[in-house]
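Asks: Let me give you the structure first, and then I'll get to my questions.
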Amino acid sequence: MKVALLGGSFNPPHVGHLMAASYVHATQGVDAVWLMPTFHHPFGKQLESFDARVRMCDALCRETSGWLQTSLVERELGGGGRTVDTLSFLVERHPDTRFSLIIGSDILRDLPNWKDFDRIQRMARVIVLYRAGYPAPDTVGPPLAEVSSTQVREQLARGIEPSQLVPSAALQVAREEGLYGLRGAR
C-alpha cells in the first residue's frame, strides 16, 4: 500500500488541505492520504483541543470516498509532533506500506529547524506542493489555494464566517462545538 501523509495543526482544516490531499491522491500514485493532526505543536502554537481538530478532520474525510482518513498517531505517540519520530513509528508499524510526506513550498524555509530532515527523506518520498505565493524549485502541481488556518482564524475573530475557505462539514463541527467563537447549528 502507498500512503501519503499530510501533517499539520488543522486548526481548523480548510479547503487548501482538501485540495492538497485530492491533488496528491489523483496524481502521485498513492492509495490513501492520511491527515495527521499534531498533538502538541513543536513550535508552541496555541491550538484547539486535539479531539476537536480530529472531529473536524473526520468531517472533512467524509467528503471523500474513503481514500482520505484521519490518523491518530500523534496522540498515540504523545510527543512533541516531530515528523521524524512519527514517521519512524509508522514505518515500523506498517512495514509493507510505502510512505510519502506532503509538504507545502511555504514550509521549505523552516526545514533547517526540523529534526533529522535527511532521515525523513530516507524513510519517505517527500512531495513538495506549490503553495500560492511561495514559488520554489522541484515543486509539483499548480499553485494551491492561497488559504491558511491563520487566515481562517483571523476572519472568525472579526465575526466573518469563512464558508468559502472551510468545507461545510468541518465548519458545522466547529459551530456545534463552539470552536473559534462560533455558536449554534446552521
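Residues in the C-alpha cells are named by chain (A, B, ... in the order shown) and by number from 1 within that chain; ligands are numbered from 1 in the order shown.
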Fewer than 2 positions away in the same chain doesn't count, so skip those; otherwise give me all residues within 7 Å of segment 110-126 of chain A, counting only C-alpha atoms, as an MDAnalysis selection string.

Replies: chainID A and resid 82 84 99:102 107:108 128

Asks: Could you give me, as a PyMOL selection string, the residues within 8 Å of segment 134-148 of chain A, counting only C-alpha atoms and dropping anything in the same chain fewer than 5 positions from it?

Replies: chain A and resi 14-16+19-20+23+105-106+127-129+165

Asks: Please indicate the distance in Å from atom CA of Val3 of chain A to atom CA of Trp34 of chain A, rounded to one decimal place.

Replies: 7.0 Å

Asks: Hey, which of A:Glu48, A:Asp85, A:Ala4, A:Gly29 ends up closest to Leu68 of chain A? Count only C-alpha atoms.

Replies: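 The answer is A:Ala4, which sits nearest to Leu68 of chain A.
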
Asks: As a ChimeraX atom specification, which residues of segment 48-112 of chain A does DSSP assign to helix (DSSP H, G or I)?

Replies: /A:50-61,73-77,83-93,105-112

Asks: Quick check, in Å to one decimal: how far apart do atom CA of Val166 of chain A and atom CA of Met36 of chain A lie?

Replies: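 Value for the atom CA of Val166 of chain A-atom CA of Met36 of chain A distance: 17.5 Å.
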
Asks: Give me the residues near Cys57 of chain A as an NGL selection string, where near means some atom within 10 Å (using only C-alpha atoms) and where sequence neighbours in that chain fewer than 5 positions away do not count.

Replies: :A and (10-14 or 17-18 or 35-37 or 51-52 or 62 or 68-71 or 169-170 or 173)

Asks: Return the single residue from A:Ser88, A:Gln151, A:Thr97, A:Ser49 that is closest to Ala174 of chain A, with distances computed using only C-alpha atoms.

Replies: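 With only C-alpha atoms as the atom set, the closest residue is A:Ser49.
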
Asks: List every residue of segment 26-65 of chain A that DSSP, applied to the backbone of this structure, assigns to strand (DSSP E), and report them as an MDAnalysis selection string.

Replies: chainID A and resid 32:37

Asks: Go ahead and save the picked residues with N, CA and C atoms, as a compact mmCIF listing (two decimals), in the first residue's frame.

Replies:
# COMPACT_ATOMS: atom_id res chain seq x y z
N ALA A 32 -3.94 6.09 -0.52
CA ALA A 32 -4.64 6.82 0.54
C ALA A 32 -3.82 8.03 0.97
N VAL A 33 -4.51 8.98 1.54
CA VAL A 33 -3.87 10.13 2.18
C VAL A 33 -4.37 10.15 3.62
N TRP A 34 -3.43 10.23 4.55
CA TRP A 34 -3.77 10.30 5.97
C TRP A 34 -3.51 11.71 6.47
N LEU A 35 -4.53 12.34 7.02
CA LEU A 35 -4.36 13.62 7.71
C LEU A 35 -3.84 13.30 9.11
N MET A 36 -2.78 13.98 9.51
CA MET A 36 -2.18 13.74 10.82
C MET A 36 -2.17 15.02 11.65
N PRO A 37 -3.27 15.28 12.38
CA PRO A 37 -3.24 16.46 13.25
C PRO A 37 -2.16 16.32 14.32
